[in-house]
Amino acid sequence: MDQGRTDIAPGRGPTDSELLEMYRLMALCRALDERVWLMNRQGKAAIVASAQGHEAGQVGSVAALRIGHDRFYIYYRDLAALVSLGLTPAQIMSGFLAKAGEPLSGGRQFPTHGAHAGLNLVNLSNVVATQIPQAVGDALASKMRGEDAVTIVYFGDGAASVGDCHEGMNFAAIHKLPVVFFCENNGYAISVPLSKQMAVDSVAGRAEGYGMPGVVIDGTDVSAVYEATAAAAERARAGEGPTLIEAMVERYLPHTSDDDDSRYRPRGDIEEARKKDPVKMLRERLLADGILDEETDERFSADAKRAVNEATEEVEAAPHPDPSSFYDHVYAGDTGGASSR
Amino acid sequence: MDQGRTDIAPGRGPTDSELLEMYRLMALCRALDERVWLMNRQGKAAIVASAQGHEAGQVGSVAALRIGHDRFYIYYRDLAALVSLGLTPAQIMSGFLAKAGEPLSGGRQFPTHGAHAGLNLVNLSNVVATQIPQAVGDALASKMRGEDAVTIVYFGDGAASVGDCHEGMNFAAIHKLPVVFFCENNGYAISVPLSKQMAVDSVAGRAEGYGMPGVVIDGTDVSAVYEATAAAAERARAGEGPTLIEAMVERYLPHTSDDDDSRYRPRGDIEEARKKDPVKMLRERLLADGILDEETDERFSADAKRAVNEATEEVEAAPHPDPSSFYDHVYAGDTGGASSR
Amino acid sequence: MSVIDAVREAMREEMARDERVFVMGEDIGARGGVFLATDGFVEQFGEERVIDTPLAESSIAGIALGAAMNGMRPIAEIEFADFIWPTFNQVVGEAARVRYGTAGSLGAPMVLRAPYGGGVRGGLYHSQSPEAYFAHTPGLKVVAPATPYDTKGLLKSAVRDEDPVIFLEHKRTYRLVRGDVPDEEYTLPIGAADVKMEGSDISVISYGLMLHLCLEAARELADEGVSVEALDLRTLRPLDSEAILATARKTGKALIVHEDTKAVGVGAEVAAIIAEEAFEYLDGPIMRVAGPEVPAMPFSPTLEAMFMPDTERIANAMRELARY
Amino acid sequence: MSVIDAVREAMREEMARDERVFVMGEDIGARGGVFLATDGFVEQFGEERVIDTPLAESSIAGIALGAAMNGMRPIAEIEFADFIWPTFNQVVGEAARVRYGTAGSLGAPMVLRAPYGGGVRGGLYHSQSPEAYFAHTPGLKVVAPATPYDTKGLLKSAVRDEDPVIFLEHKRTYRLVRGDVPDEEYTLPIGAADVKMEGSDISVISYGLMLHLCLEAARELADEGVSVEALDLRTLRPLDSEAILATARKTGKALIVHEDTKAVGVGAEVAAIIAEEAFEYLDGPIMRVAGPEVPAMPFSPTLEAMFMPDTERIANAMRELARY
Ligand SMILES: Cc1ncc(C[n+]2csc(CCOP(=O)(O)OP(=O)(O)O)c2C)c(N)n1
Ligand SMILES: Cc1ncc(C[n+]2csc(CCOP(=O)(O)OP(=O)(O)O)c2C)c(N)n1
Ligand SMILES: [Mg+2]
Ligand SMILES: [Mg+2]
């Protein structure tokens, strides 16, 4: 943790094998991310929001939680969280191409959006910050039933300005709900820099005003992320309530494939940021620490490439959703093509 | 100031004659307040929200500002602010009885609601916290035109939970707008106690998270209120941006005349609070300091009583608004009874 | 039993029946709700299931939604419908699309209750009728009952419904309207209108408080020899278009009455359905009596009276229609 | 000139003309707006009058309202209409009532611009049509132009209007629809519909993107010997009921077309007005072609196509109506 803020105990760190697995996931995600961006440029994927630069924050936090048990409210930039949760490249890519059988929304929603019941994964909408009170309500439900699931909710620095963020955090603190607020602060909301988003330089500084701990961490360092998340989850499970983690990250690419960041972002800015590329940094560290060897690294690369290639082929060949599914699921019981009114 | 919080310089205090005038206004307001409550119990006033217990906060803050120049966004509990701004008891009472010629909304709105252009006074709606971003926009307008008006916005502890409060404060801090956020913390939002409203015990503690100073003051002490407001106004005029003042006050009566506080509030609670009655405390202090003498005090009492009696007679005799005014002012230019569609 | 009693008993029974049901909102705990809809609940069910929330409507809806997506069945109270606008993003934008946007993986079985309507000296901000906005929104269900019997049966169905239901209670009916409610448990189907009075000359289609004024006007008309059929919509989404068309076809003359303002209101849809699908049966224009096109109901009694449709206006419209 | 150019030029001219006019919204500064509606503005007018706001729509509306009440004329951009729901409380609840609730002491001369509509692979949250909600609200004006000429003239009028105007720009028309715009300055009256094609057999009433599909379908029908009159509503509140009634009385047959979902939509009001006031002139049912009753437009191209009304559906409805 960069600036541990106070009453949050240090969490346990990742084991070597966990580190290795996180690196594998980050490399896989990066390969997938580059591919879908390319597919957008080829006119195949209508819209892409890239996670490049954010991977350590997402992978590190998911790794510190219990997949299939804890609960995940993510947002559009969380491709690496999806990969970490175990969605396959083909499943994810089928969202980018909105193909039949897409697991989250049946191709109805933007890529990565929808939900996955088995994974306790929700990415309901594109509307920034709506997930925050929803995640709080989700945690309330777990608490009411006496379950020990922790709900983590991801959001950006822009989202922190929305009223729903305030209302959700306040409620979670009052009821000491098992929530981890995970802010991926990349310094931009599309083109709006942090200095126009807030008069302070950290979202985590607001945590105290709600009565919960807030920590600022280096979001490019998986270990720091893992530790902070583990500590927050422990607090949550112990009934001590929510924690706000602010992971400082960088957005390498434009906001989405529709954006042109040269209109507002100094080039040097990104070059500078890329020096702290979380995937490269982790690779170097694991090599140095003897946790990763070149051979394994090459295998990871090759596997990632193959998985992404296979996914591309599979998904490009897949059919579009059947138009007759259009009227399904407006209300419970709506299936089979009948209009609801 | 009880707990000066940091970077806010102490403001100037009220002069003796200002103190005396504030006392006169507080006593007048109390008499009016008791009368309209009575008129509700008599079935004459449909709804009353009382300011009893809040008077020092409202009178002290208005006194520190420039009437007719600075700008006031108040809420439903701000009867004493209205009295301080110079509305007559008859004008105010005409709102409680919704009579013709009522100056703020023509009897269309709940008592004390509407606006007064000459006084730069806005109390637009009953919807809690909506006035906060409005006041921020109001201050933005003054700043854009290079005017030195300060906008003060009043709200309760409940209002602080609303998203609009967060969004408005954040914007004001970013743009260093000349706003004073004046929270009248009476520990209740109708029946909901502060402990269920927030996990902390002060709203002002949130100011830092926006990048502005926040102070907690004793809202039953006019001098403390005056000083804090004067200091915040000076900051605002100097281009240093907003301040959040949290005045700790007590609500002596039920939330409104529709409420029954015995359902949720321990009796001892109010009795305890009444020991710090701001009107009585100021009276005693001014008598002790020789600023007020018994004779003047009796004159104030008699004047207040007479003004309230005269207002009652005048307003009870006044006609109801002409039904033909019903279609006026839906859009600009709508007057004379024509339907707008 | 009064309407507010019906609301209370429906919730009490559903909470007793199903552990997943809980209530949340402002002042619903010790205070028992500003209209006493949850009077005694905190004593009976405890603070965990009777949650006094902070003053923050957007999150009341958002938190209810999150709890619903995670297996609970929240009933959230919006203290007055006038304060429901902050929930729009979480309700119209989010809850209404949960099932569709997840292709059925998740649902949002939540109820948002709100006292609405005027004629209570509520002024601009305690008198509003928000039904048209929600009735326009696919994915929501909108219920607006008029009697204690319908209120109880429909609220119980709303709580059991798998989809988000906006449940609108006309606050003037709370204590004014009384009626029999059976001791045995029952539910009523959402989406079914109800003929509250059979007739053959003209149809009046209404809901909520206005239904009662329509029935009063219909009784006046009966004395004048005009037979009025009164349809109570009860549910505003989905609208029971079969029942609407049946009565329109039967009498050939339709009058729609609501307190909410006219333009782009629920009455417009009822008129459009009839004009589109029962055109051949019509013997007169489709008429509407509705709130006037002003932003809200004023506080002054003289001005409030200008807003509220009354029995006289309704009876006059019936007479005009009967003359065709 | 394209529609987006018309938007930009209208704002540029009004900002140059009146110091009180300023723009605010997300990404409207250096980025020039996500659709480039304010491209070059920050360079021309400076950061004070071109305000990149935090991501917080409720306050964008609330701050604009406060500035408007204090003498300014803000134009606030909501990045996509899908994100307009958080403004509902400040717009529907507050801005719409400022003049009425202060008996004329204050007004709210503000414009809320929003790109809306689908057919752009926008999915559930970048395709929505929010007009019905605002068109239901007295105190607001709602403008939804279809051509560059109308866009420029109406946006300039909106900025000069003394009351709050919701200005809806169909994002698919931004670059697709081009047209002549005079060099000289002009404004167009809010509240006036426009006959875009004269005809005598049937009337088609529409607005926004759908107007263009209606005109295309009308040209098809002309080849088949059916003469279609096409009315462009342009303003959705206040509706130009005279123009609606004039065309309905002229042809006796009305088809209303909009992309927004059907129930309780703007088309319902148009149908209701005709059914109420032009009943004697009608030779056929009042028909509607509108978006289907699903919560929103899906992202998949095959599913998106199911949502969007197209020329074929419109032409078929015209044929059906012509047969009466
Ligand atoms: C309520 C809302 N307003 C505006 C948008 C348009 N929009 C999409 S993403 C975005 C920026 C979000 O920034 P941030 O929260 O920092 O997340 P990041 O994209 O940087 O990860 C904006 C303005 C939206 N989706 N929702
Ligand atoms: C948005 C909104 N929600 C609910 C209400 C109903 N209501 C009116 S006053 C009030 C409590 C406000 O408490 P607080 O802000 O502390 O002010 P106080 O009355 O204590 O001065 C509530 C819940 C409202 N007017 N507006
Ligand atoms: Mg960001
Ligand atoms: Mg309070």
# chains A, B, ... in the order shown; residues from 1 in each chain; ligands from 1
$ closest_atom_pairs --of "chain D" --to "ligand 1" --cutoff "9 Å" --atoms "only C-alpha atoms and all ligand atoms" --output "tab-separated table"
residue	atom	partner	partner_atom_place_in_ligand_line	distance
D:Glu26	CA	ligand 1	23 (C)	6.1
D:Asp27	CA	ligand 1	23 (C)	7.3
D:Pro54	CA	ligand 1	23 (C)	8.4
D:Leu55	CA	ligand 1	23 (C)	5.8
D:Ala56	CA	ligand 1	1 (C)	6.7
D:Glu57	CA	ligand 1	1 (C)	6.4
D:Ile78	CA	ligand 1	4 (C)	7.5
D:Glu79	CA	ligand 1	4 (C)	5.9
D:Phe80	CA	ligand 1	6 (C)	7.0
D:Asp82	CA	ligand 1	26 (N)	7.8
D:Phe83	CA	ligand 1	1 (C)	4.8
D:Ile84	CA	ligand 1	1 (C)	7.7
D:Trp85	CA	ligand 1	1 (C)	8.5
D:Pro86	CA	ligand 1	1 (C)	7.5
D:Tyr125	CA	ligand 1	25 (N)	7.9
D:His126	CA	ligand 1	25 (N)	8.6
$ residues_near_ligand --ligand "ligand 4" --cutoff "9 Å" --atoms "only C-alpha atoms and all ligand atoms" --output "list in words"
Phe155, Gly156, Asp157, Gly158, Ala159, Cys183, Glu184, Asn185, Asn186, Gly187, Tyr188, Ala189, Ile190, Val192, Pro193, Leu194, Val249, Glu250, Arg251 and His255 of chain B
$ closest_residue --among "C:Ile286, C:Leu124, C:Val159, C:Ile60" --to "B:Arg108" --atoms "only C-alpha atoms"
C:Leu124
$ atom_distance --atom1 "atom CA of D:Ala275" --atom2 "atom CA of D:Cys214"
21.8 Å
$ interface_residues --of "chain A" --to "chain C" --cutoff "7 Å" --atoms "only C-alpha atoms" --output "list in words"
Leu104, Ser105, Gly106, Arg108, Gln109, Gly114, Ala115, His116, Ala117, Leu124, Ser125, Thr130, Pro133, Gln134, Ala135, Val136, Gly137, Asp138, Leu140, Ala141, Asp164, Glu167, Gly168, His329, Val330, Tyr331, Ala332 and Arg341 of chain A
$ closest_residue --among "A:His175, A:Arg24, A:Arg77, A:Lys275" --to "ligand 3" --atoms "only C-alpha atoms and all ligand atoms"
A:Arg77
$ interface_residues --of "chain A" --to "chain B" --cutoff "12 Å" --atoms "only C-alpha atoms" --output "ChimeraX atom specification"
/A:129,133,158-177,193-212,214,241-242
$ write_last_selection --atoms "N, CA and C atoms" --output "short mmCIF file (atom, residue, chain, number, x, y, z; two decimals), in the first residue's frame"
data_model
loop_
_atom_site.label_atom_id
_atom_site.label_comp_id
_atom_site.auth_asym_id
_atom_site.auth_seq_id
_atom_site.Cartn_x
_atom_site.Cartn_y
_atom_site.Cartn_z
N ALA A 129 -21.87 4.88 -12.42
CA ALA A 129 -22.10 4.94 -10.97
C ALA A 129 -23.38 4.27 -10.49
N PRO A 133 -24.86 2.03 -5.65
CA PRO A 133 -25.95 1.66 -4.73
C PRO A 133 -26.45 0.23 -4.95
N GLY A 158 -14.30 9.34 -12.45
CA GLY A 158 -15.46 10.15 -12.85
C GLY A 158 -16.69 9.74 -12.08
N ALA A 159 -16.86 8.45 -11.90
CA ALA A 159 -18.03 7.93 -11.19
C ALA A 159 -18.12 8.47 -9.77
N ALA A 160 -16.97 8.78 -9.20
CA ALA A 160 -16.97 9.26 -7.81
C ALA A 160 -17.69 10.60 -7.66
N SER A 161 -17.88 11.30 -8.76
CA SER A 161 -18.58 12.60 -8.68
C SER A 161 -20.10 12.46 -8.64
N VAL A 162 -20.59 11.29 -8.96
CA VAL A 162 -22.04 11.11 -9.10
C VAL A 162 -22.70 10.99 -7.72
N GLY A 163 -23.86 11.58 -7.59
CA GLY A 163 -24.61 11.50 -6.34
C GLY A 163 -24.80 10.09 -5.83
N ASP A 164 -25.01 9.15 -6.73
CA ASP A 164 -25.21 7.76 -6.32
C ASP A 164 -24.01 7.19 -5.58
N CYS A 165 -22.83 7.68 -5.89
CA CYS A 165 -21.63 7.21 -5.20
C CYS A 165 -21.70 7.65 -3.73
N HIS A 166 -22.03 8.89 -3.53
CA HIS A 166 -22.20 9.45 -2.18
C HIS A 166 -23.27 8.68 -1.41
N GLU A 167 -24.42 8.53 -2.02
CA GLU A 167 -25.54 7.91 -1.31
C GLU A 167 -25.23 6.46 -0.96
N GLY A 168 -24.61 5.76 -1.90
CA GLY A 168 -24.28 4.36 -1.67
C GLY A 168 -23.25 4.18 -0.57
N MET A 169 -22.20 4.99 -0.61
CA MET A 169 -21.15 4.86 0.42
C MET A 169 -21.70 5.20 1.80
N ASN A 170 -22.51 6.24 1.85
CA ASN A 170 -23.07 6.63 3.14
C ASN A 170 -23.89 5.49 3.74
N PHE A 171 -24.73 4.89 2.94
CA PHE A 171 -25.57 3.79 3.44
C PHE A 171 -24.72 2.60 3.90
N ALA A 172 -23.73 2.26 3.10
CA ALA A 172 -22.89 1.12 3.43
C ALA A 172 -22.17 1.33 4.76
N ALA A 173 -21.72 2.57 4.98
CA ALA A 173 -21.02 2.87 6.22
C ALA A 173 -21.97 2.79 7.42
N ILE A 174 -23.16 3.34 7.26
CA ILE A 174 -24.13 3.31 8.37
C ILE A 174 -24.42 1.87 8.78
N HIS A 175 -24.63 1.01 7.78
CA HIS A 175 -25.04 -0.37 8.08
C HIS A 175 -23.87 -1.34 8.12
N LYS A 176 -22.67 -0.82 8.08
CA LYS A 176 -21.47 -1.65 8.14
C LYS A 176 -21.60 -2.85 7.20
N LEU A 177 -21.88 -2.55 5.96
CA LEU A 177 -22.12 -3.63 5.00
C LEU A 177 -20.81 -4.18 4.45
N PRO A 193 -9.99 15.84 -17.13
CA PRO A 193 -8.92 15.44 -16.22
C PRO A 193 -9.35 15.56 -14.77
N LEU A 194 -8.65 14.87 -13.91
CA LEU A 194 -9.00 14.86 -12.50
C LEU A 194 -9.17 16.26 -11.93
N SER A 195 -8.36 17.19 -12.40
CA SER A 195 -8.41 18.55 -11.83
C SER A 195 -9.73 19.24 -12.11
N LYS A 196 -10.45 18.77 -13.12
CA LYS A 196 -11.79 19.33 -13.36
C LYS A 196 -12.88 18.43 -12.79
N GLN A 197 -12.48 17.30 -12.27
CA GLN A 197 -13.43 16.35 -11.68
C GLN A 197 -13.56 16.60 -10.19
N MET A 198 -12.49 17.07 -9.58
CA MET A 198 -12.50 17.30 -8.12
C MET A 198 -11.39 18.26 -7.77
N ALA A 199 -11.56 18.94 -6.65
CA ALA A 199 -10.56 19.92 -6.22
C ALA A 199 -9.51 19.27 -5.33
N VAL A 200 -9.61 17.98 -5.12
CA VAL A 200 -8.65 17.24 -4.31
C VAL A 200 -7.98 16.22 -5.23
N ASP A 201 -6.92 15.55 -4.74
CA ASP A 201 -6.35 14.60 -5.68
C ASP A 201 -6.61 13.15 -5.33
N SER A 202 -7.51 12.94 -4.40
CA SER A 202 -7.81 11.54 -4.11
C SER A 202 -9.26 11.36 -3.70
N VAL A 203 -9.84 10.33 -4.26
CA VAL A 203 -11.21 9.97 -3.92
C VAL A 203 -11.23 9.35 -2.52
N ALA A 204 -10.18 8.62 -2.20
CA ALA A 204 -10.14 7.89 -0.93
C ALA A 204 -10.23 8.83 0.26
N GLY A 205 -9.82 10.06 0.08
CA GLY A 205 -9.90 11.04 1.16
C GLY A 205 -11.32 11.30 1.62
N ARG A 206 -12.27 10.89 0.81
CA ARG A 206 -13.67 11.11 1.20
C ARG A 206 -14.19 10.03 2.15
N ALA A 207 -13.47 8.92 2.23
CA ALA A 207 -13.97 7.77 2.99
C ALA A 207 -14.24 8.15 4.44
N GLU A 208 -13.31 8.88 5.01
CA GLU A 208 -13.42 9.27 6.42
C GLU A 208 -14.74 10.01 6.68
N GLY A 209 -15.14 10.83 5.75
CA GLY A 209 -16.38 11.59 5.90
C GLY A 209 -17.62 10.71 5.95
N TYR A 210 -17.45 9.46 5.56
CA TYR A 210 -18.57 8.51 5.66
C TYR A 210 -18.41 7.59 6.86
N GLY A 211 -17.23 7.61 7.44
CA GLY A 211 -16.99 6.71 8.55
C GLY A 211 -16.49 5.35 8.11
N MET A 212 -15.66 5.34 7.08
CA MET A 212 -15.02 4.07 6.70
C MET A 212 -13.57 4.38 6.34
N GLY A 214 -10.27 4.59 4.02
CA GLY A 214 -9.96 4.75 2.60
C GLY A 214 -8.47 4.62 2.40
N GLY A 241 -17.57 -3.57 8.23
CA GLY A 241 -18.09 -2.62 7.26
C GLY A 241 -17.22 -2.40 6.04
N PRO A 242 -17.58 -1.39 5.27
CA PRO A 242 -16.96 -1.18 3.96
C PRO A 242 -15.59 -0.53 4.03
#
$ closest_residue --among "C:Leu233, C:Ala132, C:Val228, C:Val34" --to "chain D" --atoms "only C-alpha atoms"
C:Ala132
$ select_by_dssp --residues "stretch 26-273 of chain B" --states "alpha helix (DSSP H)" --output "ChimeraX atom specification"
/B:26-41,55-63,79-85,89-96,131-144,163-174,194-197,222-237,267-273
$ closest_residue --among "D:Ser206, D:Thr235, D:Thr87, D:Ser227" --to "chain C" --atoms "only C-alpha atoms"
D:Thr87
$ select_by_dssp --residues "stretch 139-245 of chain B" --states "strand (DSSP E or B)" --output "NGL selection string"
:B and (151-156 or 179-185 or 188-189 or 192-193 or 214-218 or 243-245)
$ atom_distance --atom1 "atom CA of A:Ile74" --atom2 "atom CA of A:Tyr154"
5.0 Å
$ residues_around --residues "B:Thr15" --least-positions-apart "2" --cutoff "12 Å" --atoms "only C-alpha atoms" --output "count of residues only"
17
$ residues_around --residues "D:Ala263" --least-positions-apart "6" --cutoff "8 Å" --atoms "only C-alpha atoms" --output "JSON, numbers by chain"
{"C": [135, 136, 269], "D": [293]}
